[in-house]
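Beneath this line is the structure, given in structure tokens, with notes to follow.
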Amino acid sequence: MESDIYSPCIQRELNILKDLDTARKGQFERLKESLHSELITRIFDKYPEIEGFSWTQGTPSWCNGEPCHFYAYFDDYTSIPVKLKSNEDYLCVYDRLELENDNEIVLKIREVLFLIEMNLYKQMFGDGAEIVCTRDGFTISEWFED
């Protein structure tokens with residue numbers, strides 16, 4: 001759709017940017033699929049006793065006056081909720097099994113998640129999200145840090 005406000009040259013550039021943005025979004029969807037199919041499934045294969053795990057990610061709203069930066073919370077200081085097959089309830093925010101940070105399963109999950117650069121998680125899953133990962137894929141829901 002052309003506008004009489006923009007010159008044809010600017011309109012062409014805007015269309016190129018729109019096409020690039022669409023292609024970029026497609027690339028992040030493929031990266032998300034590869035993350036699951038190529039890496040995450042190895043965790044489920046190695047540890048058949050787990051059904052899923054989750055993490056949260058976002059940009060804090062306050063950082064003691066410092067600039068706030070996006071972060072995915074699956075580092076050594078944050079527990080990763082893991083659902084074992086023997087546990088009936090699953091990954092609701094307040095009712096989940098949290099394995100110790102030095103647990104072999106948690107260490108392997110972290111190892112796999114850290115293979116992807118931190119800034120790509122925002123592009124794949126969004127800012128302010130809780131990601132639940134199961135054998136079937138990812139479920140993304142809104143999450144806000146208090």
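Every chain in the structure tokens takes a letter, A first, then B, and so on in the order presented; its residues are numbered from 1, and the ligands are numbered from 1 following the presented order.
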
Could you give me, as a VMD selection string, the residues within 12 Å of Ile116 in chain A, counting only C-alpha atoms and dropping anything in the same chain fewer than 3 positions from it? chain A and resid 28 31 to 32 34 to 36 39 to 40 72 110 to 113 119 to 124

For Tyr47 in chain A, which residue out of A:Ser7, A:Gln27, A:Glu104, A:Cys68 is the nearest one, using only C-alpha atoms?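 Closest to Tyr47 in chain A of all the choices is A:Glu104.
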
DSSP helix (DSSP H, G or I) residues within range 1-135 of chain A, as a PDB file with N, CA and C atoms, in the first residue's frame:
```
ATOM      1  N   PRO A   8       8.293   7.155  -3.214  1.00  0.00           N
ATOM      2  CA  PRO A   8       8.402   5.731  -3.564  1.00  0.00           C
ATOM      3  C   PRO A   8       9.660   5.083  -2.989  1.00  0.00           C
ATOM      4  N   CYS A   9      10.744   5.833  -2.900  1.00  0.00           N
ATOM      5  CA  CYS A   9      12.002   5.300  -2.360  1.00  0.00           C
ATOM      6  C   CYS A   9      11.839   4.952  -0.872  1.00  0.00           C
ATOM      7  N   ILE A  10      11.263   5.847  -0.096  1.00  0.00           N
ATOM      8  CA  ILE A  10      11.053   5.591   1.333  1.00  0.00           C
ATOM      9  C   ILE A  10      10.063   4.442   1.521  1.00  0.00           C
ATOM     10  N   GLN A  11       9.019   4.416   0.720  1.00  0.00           N
ATOM     11  CA  GLN A  11       8.040   3.337   0.822  1.00  0.00           C
ATOM     12  C   GLN A  11       8.697   1.982   0.533  1.00  0.00           C
ATOM     13  N   ARG A  12       9.579   1.961  -0.453  1.00  0.00           N
ATOM     14  CA  ARG A  12      10.308   0.729  -0.787  1.00  0.00           C
ATOM     15  C   ARG A  12      11.178   0.292   0.389  1.00  0.00           C
ATOM     16  N   GLU A  13      11.880   1.244   1.012  1.00  0.00           N
ATOM     17  CA  GLU A  13      12.722   0.935   2.184  1.00  0.00           C
ATOM     18  C   GLU A  13      11.884   0.407   3.348  1.00  0.00           C
ATOM     19  N   LEU A  14      10.723   1.010   3.579  1.00  0.00           N
ATOM     20  CA  LEU A  14       9.837   0.540   4.644  1.00  0.00           C
ATOM     21  C   LEU A  14       9.353  -0.883   4.373  1.00  0.00           C
ATOM     22  N   ASN A  15       9.060  -1.178   3.123  1.00  0.00           N
ATOM     23  CA  ASN A  15       8.638  -2.537   2.763  1.00  0.00           C
ATOM     24  C   ASN A  15       9.768  -3.541   2.973  1.00  0.00           C
ATOM     25  N   ILE A  16      10.999  -3.136   2.668  1.00  0.00           N
ATOM     26  CA  ILE A  16      12.157  -4.019   2.892  1.00  0.00           C
ATOM     27  C   ILE A  16      12.314  -4.294   4.382  1.00  0.00           C
ATOM     28  N   LEU A  17      12.208  -3.255   5.211  1.00  0.00           N
ATOM     29  CA  LEU A  17      12.317  -3.435   6.664  1.00  0.00           C
ATOM     30  C   LEU A  17      11.214  -4.353   7.198  1.00  0.00           C
ATOM     31  N   LYS A  18      10.025  -4.191   6.689  1.00  0.00           N
ATOM     32  CA  LYS A  18       8.909  -5.047   7.109  1.00  0.00           C
ATOM     33  C   LYS A  18       9.198  -6.499   6.732  1.00  0.00           C
ATOM     34  N   ASP A  19       9.706  -6.723   5.524  1.00  0.00           N
ATOM     35  CA  ASP A  19      10.045  -8.084   5.094  1.00  0.00           C
ATOM     36  C   ASP A  19      11.166  -8.672   5.941  1.00  0.00           C
ATOM     37  N   LEU A  20      12.169  -7.847   6.263  1.00  0.00           N
ATOM     38  CA  LEU A  20      13.264  -8.319   7.122  1.00  0.00           C
ATOM     39  C   LEU A  20      12.761  -8.682   8.511  1.00  0.00           C
ATOM     40  N   ASP A  21      11.857  -7.887   9.056  1.00  0.00           N
ATOM     41  CA  ASP A  21      11.292  -8.169  10.383  1.00  0.00           C
ATOM     42  C   ASP A  21      10.513  -9.481  10.365  1.00  0.00           C
ATOM     43  N   THR A  22       9.747  -9.706   9.321  1.00  0.00           N
ATOM     44  CA  THR A  22       9.002 -10.965   9.183  1.00  0.00           C
ATOM     45  C   THR A  22       9.965 -12.144   9.095  1.00  0.00           C
ATOM     46  N   ALA A  23      11.027 -12.002   8.328  1.00  0.00           N
ATOM     47  CA  ALA A  23      12.025 -13.073   8.199  1.00  0.00           C
ATOM     48  C   ALA A  23      12.734 -13.319   9.525  1.00  0.00           C
ATOM     49  N   ARG A  24      13.043 -12.251  10.268  1.00  0.00           N
ATOM     50  CA  ARG A  24      13.703 -12.378  11.568  1.00  0.00           C
ATOM     51  C   ARG A  24      12.821 -13.141  12.543  1.00  0.00           C
ATOM     52  N   LYS A  25      11.546 -12.824  12.565  1.00  0.00           N
ATOM     53  CA  LYS A  25      10.615 -13.537  13.461  1.00  0.00           C
ATOM     54  C   LYS A  25      10.563 -15.016  13.107  1.00  0.00           C
ATOM     55  N   GLY A  26      10.597 -15.327  11.827  1.00  0.00           N
ATOM     56  CA  GLY A  26      10.619 -16.721  11.390  1.00  0.00           C
ATOM     57  C   GLY A  26      11.882 -17.434  11.839  1.00  0.00           C
ATOM     58  N   GLN A  27      13.008 -16.724  11.795  1.00  0.00           N
ATOM     59  CA  GLN A  27      14.270 -17.310  12.241  1.00  0.00           C
ATOM     60  C   GLN A  27      14.232 -17.625  13.730  1.00  0.00           C
ATOM     61  N   PHE A  28      13.635 -16.748  14.542  1.00  0.00           N
ATOM     62  CA  PHE A  28      13.550 -17.005  15.985  1.00  0.00           C
ATOM     63  C   PHE A  28      12.609 -18.174  16.277  1.00  0.00           C
ATOM     64  N   GLU A  29      11.562 -18.309  15.491  1.00  0.00           N
ATOM     65  CA  GLU A  29      10.677 -19.477  15.663  1.00  0.00           C
ATOM     66  C   GLU A  29      11.430 -20.761  15.343  1.00  0.00           C
ATOM     67  N   ARG A  30      12.236 -20.743  14.287  1.00  0.00           N
ATOM     68  CA  ARG A  30      13.034 -21.923  13.945  1.00  0.00           C
ATOM     69  C   ARG A  30      14.087 -22.216  15.008  1.00  0.00           C
ATOM     70  N   LEU A  31      14.687 -21.158  15.578  1.00  0.00           N
ATOM     71  CA  LEU A  31      15.661 -21.341  16.652  1.00  0.00           C
ATOM     72  C   LEU A  31      14.994 -21.972  17.870  1.00  0.00           C
ATOM     73  N   LYS A  32      13.787 -21.516  18.191  1.00  0.00           N
ATOM     74  CA  LYS A  32      13.044 -22.079  19.318  1.00  0.00           C
ATOM     75  C   LYS A  32      12.739 -23.555  19.076  1.00  0.00           C
ATOM     76  N   GLU A  33      12.325 -23.890  17.868  1.00  0.00           N
ATOM     77  CA  GLU A  33      12.058 -25.295  17.530  1.00  0.00           C
ATOM     78  C   GLU A  33      13.329 -26.128  17.610  1.00  0.00           C
ATOM     79  N   SER A  34      14.449 -25.579  17.138  1.00  0.00           N
ATOM     80  CA  SER A  34      15.720 -26.305  17.199  1.00  0.00           C
ATOM     81  C   SER A  34      16.189 -26.477  18.633  1.00  0.00           C
ATOM     82  N   LEU A  35      16.004 -25.447  19.447  1.00  0.00           N
ATOM     83  CA  LEU A  35      16.368 -25.544  20.862  1.00  0.00           C
ATOM     84  C   LEU A  35      15.676 -26.744  21.487  1.00  0.00           C
ATOM     85  N   HIS A  36      14.393 -26.893  21.171  1.00  0.00           N
ATOM     86  CA  HIS A  36      13.652 -28.015  21.751  1.00  0.00           C
ATOM     87  C   HIS A  36      14.048 -29.329  21.092  1.00  0.00           C
ATOM     88  N   SER A  37      14.000 -29.387  19.778  1.00  0.00           N
ATOM     89  CA  SER A  37      14.205 -30.678  19.103  1.00  0.00           C
ATOM     90  C   SER A  37      15.647 -31.169  19.176  1.00  0.00           C
ATOM     91  N   GLU A  38      16.604 -30.270  19.170  1.00  0.00           N
ATOM     92  CA  GLU A  38      18.007 -30.676  19.144  1.00  0.00           C
ATOM     93  C   GLU A  38      18.644 -30.745  20.524  1.00  0.00           C
ATOM     94  N   LEU A  39      18.204 -29.902  21.465  1.00  0.00           N
ATOM     95  CA  LEU A  39      18.873 -29.842  22.763  1.00  0.00           C
ATOM     96  C   LEU A  39      18.006 -30.317  23.921  1.00  0.00           C
ATOM     97  N   ILE A  40      16.816 -29.772  24.031  1.00  0.00           N
ATOM     98  CA  ILE A  40      15.968 -30.080  25.176  1.00  0.00           C
ATOM     99  C   ILE A  40      15.572 -31.553  25.194  1.00  0.00           C
ATOM    100  N   THR A  41      15.292 -32.132  24.045  1.00  0.00           N
ATOM    101  CA  THR A  41      14.891 -33.550  24.027  1.00  0.00           C
ATOM    102  C   THR A  41      15.987 -34.446  24.589  1.00  0.00           C
ATOM    103  N   ARG A  42      17.236 -34.023  24.493  1.00  0.00           N
ATOM    104  CA  ARG A  42      18.330 -34.806  25.081  1.00  0.00           C
ATOM    105  C   ARG A  42      18.204 -34.883  26.604  1.00  0.00           C
ATOM    106  N   ILE A  43      17.709 -33.817  27.213  1.00  0.00           N
ATOM    107  CA  ILE A  43      17.496 -33.832  28.664  1.00  0.00           C
ATOM    108  C   ILE A  43      16.430 -34.865  29.004  1.00  0.00           C
ATOM    109  N   PHE A  44      15.327 -34.843  28.271  1.00  0.00           N
ATOM    110  CA  PHE A  44      14.247 -35.798  28.548  1.00  0.00           C
ATOM    111  C   PHE A  44      14.675 -37.232  28.255  1.00  0.00           C
ATOM    112  N   ASP A  45      15.519 -37.425  27.253  1.00  0.00           N
ATOM    113  CA  ASP A  45      16.020 -38.764  26.954  1.00  0.00           C
ATOM    114  C   ASP A  45      16.952 -39.256  28.058  1.00  0.00           C
ATOM    115  N   LYS A  46      17.801 -38.354  28.540  1.00  0.00           N
ATOM    116  CA  LYS A  46      18.767 -38.742  29.575  1.00  0.00           C
ATOM    117  C   LYS A  46      18.099 -38.942  30.929  1.00  0.00           C
ATOM    118  N   GLU A 104      21.895 -33.033  39.692  1.00  0.00           N
ATOM    119  CA  GLU A 104      22.421 -33.389  38.368  1.00  0.00           C
ATOM    120  C   GLU A 104      21.481 -32.939  37.235  1.00  0.00           C
ATOM    121  N   ILE A 105      20.173 -33.101  37.428  1.00  0.00           N
ATOM    122  CA  ILE A 105      19.208 -32.704  36.391  1.00  0.00           C
ATOM    123  C   ILE A 105      19.245 -31.193  36.182  1.00  0.00           C
ATOM    124  N   VAL A 106      19.243 -30.442  37.278  1.00  0.00           N
ATOM    125  CA  VAL A 106      19.274 -28.981  37.182  1.00  0.00           C
ATOM    126  C   VAL A 106      20.565 -28.519  36.509  1.00  0.00           C
ATOM    127  N   LEU A 107      21.672 -29.119  36.864  1.00  0.00           N
ATOM    128  CA  LEU A 107      22.950 -28.753  36.241  1.00  0.00           C
ATOM    129  C   LEU A 107      22.931 -29.013  34.733  1.00  0.00           C
ATOM    130  N   LYS A 108      22.346 -30.125  34.309  1.00  0.00           N
ATOM    131  CA  LYS A 108      22.272 -30.446  32.882  1.00  0.00           C
ATOM    132  C   LYS A 108      21.334 -29.466  32.161  1.00  0.00           C
ATOM    133  N   ILE A 109      20.209 -29.126  32.781  1.00  0.00           N
ATOM    134  CA  ILE A 109      19.288 -28.154  32.178  1.00  0.00           C
ATOM    135  C   ILE A 109      20.010 -26.825  31.978  1.00  0.00           C
ATOM    136  N   ARG A 110      20.704 -26.361  33.016  1.00  0.00           N
ATOM    137  CA  ARG A 110      21.450 -25.101  32.900  1.00  0.00           C
ATOM    138  C   ARG A 110      22.493 -25.170  31.783  1.00  0.00           C
ATOM    139  N   GLU A 111      23.208 -26.263  31.735  1.00  0.00           N
ATOM    140  CA  GLU A 111      24.241 -26.426  30.713  1.00  0.00           C
ATOM    141  C   GLU A 111      23.653 -26.260  29.312  1.00  0.00           C
ATOM    142  N   VAL A 112      22.509 -26.877  29.084  1.00  0.00           N
ATOM    143  CA  VAL A 112      21.862 -26.790  27.775  1.00  0.00           C
ATOM    144  C   VAL A 112      21.336 -25.383  27.518  1.00  0.00           C
ATOM    145  N   LEU A 113      20.677 -24.777  28.507  1.00  0.00           N
ATOM    146  CA  LEU A 113      20.104 -23.445  28.301  1.00  0.00           C
ATOM    147  C   LEU A 113      21.177 -22.393  28.064  1.00  0.00           C
ATOM    148  N   MET A 118      22.040 -15.174  25.965  1.00  0.00           N
ATOM    149  CA  MET A 118      20.961 -14.648  26.804  1.00  0.00           C
ATOM    150  C   MET A 118      20.022 -13.725  26.029  1.00  0.00           C
ATOM    151  N   ASN A 119      20.553 -12.837  25.200  1.00  0.00           N
ATOM    152  CA  ASN A 119      19.691 -11.868  24.506  1.00  0.00           C
ATOM    153  C   ASN A 119      18.730 -12.532  23.523  1.00  0.00           C
ATOM    154  N   LEU A 120      19.016 -13.757  23.094  1.00  0.00           N
ATOM    155  CA  LEU A 120      18.117 -14.440  22.165  1.00  0.00           C
ATOM    156  C   LEU A 120      16.854 -14.961  22.853  1.00  0.00           C
ATOM    157  N   TYR A 121      16.919 -15.192  24.156  1.00  0.00           N
ATOM    158  CA  TYR A 121      15.734 -15.672  24.876  1.00  0.00           C
ATOM    159  C   TYR A 121      14.600 -14.643  24.829  1.00  0.00           C
ATOM    160  N   LYS A 122      14.949 -13.383  24.911  1.00  0.00           N
ATOM    161  CA  LYS A 122      13.926 -12.333  24.825  1.00  0.00           C
ATOM    162  C   LYS A 122      13.238 -12.379  23.468  1.00  0.00           C
ATOM    163  N   GLN A 123      14.017 -12.575  22.414  1.00  0.00           N
ATOM    164  CA  GLN A 123      13.448 -12.635  21.074  1.00  0.00           C
ATOM    165  C   GLN A 123      12.593 -13.886  20.864  1.00  0.00           C
ATOM    166  N   MET A 124      13.008 -14.989  21.487  1.00  0.00           N
ATOM    167  CA  MET A 124      12.271 -16.245  21.294  1.00  0.00           C
ATOM    168  C   MET A 124      10.993 -16.313  22.129  1.00  0.00           C
ATOM    169  N   PHE A 125      11.060 -15.840  23.391  1.00  0.00           N
ATOM    170  CA  PHE A 125       9.950 -16.071  24.310  1.00  0.00           C
ATOM    171  C   PHE A 125       9.301 -14.805  24.853  1.00  0.00           C
TER     172      PHE A 125
END
```

Report as a VMD selection string: the residues of range 4-146 of chain A with a DSSP assignment of strand (DSSP E or B), based on the backbone of this structure. chain A and resid 50 to 58 71 to 73 81 to 84 92 95 98 129 to 134 137 to 142

Could the residues in this selection be saved with N, CA and C atoms as a short mmCIF file (atom, residue, chain, number, x, y, z; two decimals), in the first residue's frame?
```cif
data_model
loop_
_atom_site.label_atom_id
_atom_site.label_comp_id
_atom_site.auth_asym_id
_atom_site.auth_seq_id
_atom_site.Cartn_x
_atom_site.Cartn_y
_atom_site.Cartn_z
N ILE A 50 11.76 -37.08 34.45
CA ILE A 50 11.19 -35.73 34.49
C ILE A 50 10.15 -35.56 33.40
N GLU A 51 9.14 -34.76 33.71
CA GLU A 51 8.10 -34.42 32.73
C GLU A 51 8.29 -33.02 32.17
N GLY A 52 8.95 -32.17 32.94
CA GLY A 52 9.15 -30.82 32.45
C GLY A 52 9.90 -29.96 33.44
N PHE A 53 10.21 -28.74 33.01
CA PHE A 53 10.86 -27.76 33.87
C PHE A 53 10.47 -26.38 33.37
N SER A 54 10.78 -25.38 34.16
CA SER A 54 10.41 -24.02 33.75
C SER A 54 11.46 -23.03 34.21
N TRP A 55 11.37 -21.84 33.64
CA TRP A 55 12.16 -20.71 34.11
C TRP A 55 11.36 -19.45 33.81
N THR A 56 11.76 -18.36 34.45
CA THR A 56 11.15 -17.06 34.18
C THR A 56 12.22 -16.16 33.57
N GLN A 57 11.75 -15.16 32.85
CA GLN A 57 12.67 -14.21 32.24
C GLN A 57 11.98 -12.87 32.10
N GLY A 58 12.78 -11.81 32.15
CA GLY A 58 12.22 -10.48 31.99
C GLY A 58 13.22 -9.40 32.31
N TYR A 71 16.94 -10.48 31.56
CA TYR A 71 17.66 -11.65 32.07
C TYR A 71 16.73 -12.85 32.11
N ALA A 72 17.26 -14.00 31.74
CA ALA A 72 16.53 -15.27 31.89
C ALA A 72 17.06 -15.93 33.16
N TYR A 73 16.16 -16.25 34.08
CA TYR A 73 16.55 -16.70 35.41
C TYR A 73 16.70 -18.22 35.47
N PRO A 81 12.47 -24.89 38.61
CA PRO A 81 11.42 -25.85 38.98
C PRO A 81 11.38 -27.01 37.99
N VAL A 82 11.36 -28.23 38.52
CA VAL A 82 11.35 -29.44 37.71
C VAL A 82 10.21 -30.31 38.18
N LYS A 83 9.44 -30.84 37.24
CA LYS A 83 8.37 -31.77 37.60
C LYS A 83 8.83 -33.19 37.32
N LEU A 84 8.80 -34.00 38.35
CA LEU A 84 9.10 -35.42 38.20
C LEU A 84 7.81 -36.17 37.93
N CYS A 92 2.60 -24.99 38.51
CA CYS A 92 1.88 -23.77 38.79
C CYS A 92 2.84 -22.95 39.63
N ASP A 95 3.07 -24.08 43.38
CA ASP A 95 3.03 -25.49 43.76
C ASP A 95 3.89 -26.31 42.81
N GLU A 98 11.03 -27.95 43.55
CA GLU A 98 12.26 -27.26 43.16
C GLU A 98 13.43 -28.09 43.65
N ALA A 129 8.09 -13.31 30.94
CA ALA A 129 7.43 -14.56 30.60
C ALA A 129 7.89 -15.69 31.53
N GLU A 130 6.98 -16.62 31.77
CA GLU A 130 7.34 -17.88 32.39
C GLU A 130 7.25 -18.93 31.29
N ILE A 131 8.33 -19.68 31.12
CA ILE A 131 8.40 -20.68 30.07
C ILE A 131 8.37 -22.05 30.72
N VAL A 132 7.43 -22.87 30.31
CA VAL A 132 7.35 -24.25 30.77
C VAL A 132 7.75 -25.13 29.59
N CYS A 133 8.71 -26.00 29.83
CA CYS A 133 9.22 -26.88 28.79
C CYS A 133 8.86 -28.32 29.12
N THR A 134 8.17 -28.98 28.19
CA THR A 134 7.85 -30.40 28.33
C THR A 134 8.35 -31.13 27.10
N GLY A 137 7.04 -29.52 23.89
CA GLY A 137 7.42 -28.18 23.45
C GLY A 137 7.36 -27.18 24.58
N PHE A 138 7.19 -25.91 24.22
CA PHE A 138 7.19 -24.81 25.17
C PHE A 138 5.79 -24.25 25.33
N THR A 139 5.46 -23.86 26.56
CA THR A 139 4.26 -23.08 26.85
C THR A 139 4.74 -21.78 27.48
N ILE A 140 4.26 -20.68 26.97
CA ILE A 140 4.71 -19.37 27.42
C ILE A 140 3.53 -18.63 28.04
N SER A 141 3.73 -18.13 29.25
CA SER A 141 2.69 -17.31 29.89
C SER A 141 3.33 -16.04 30.44
N GLU A 142 2.51 -15.03 30.65
CA GLU A 142 3.03 -13.76 31.16
C GLU A 142 3.53 -13.93 32.58
#
```
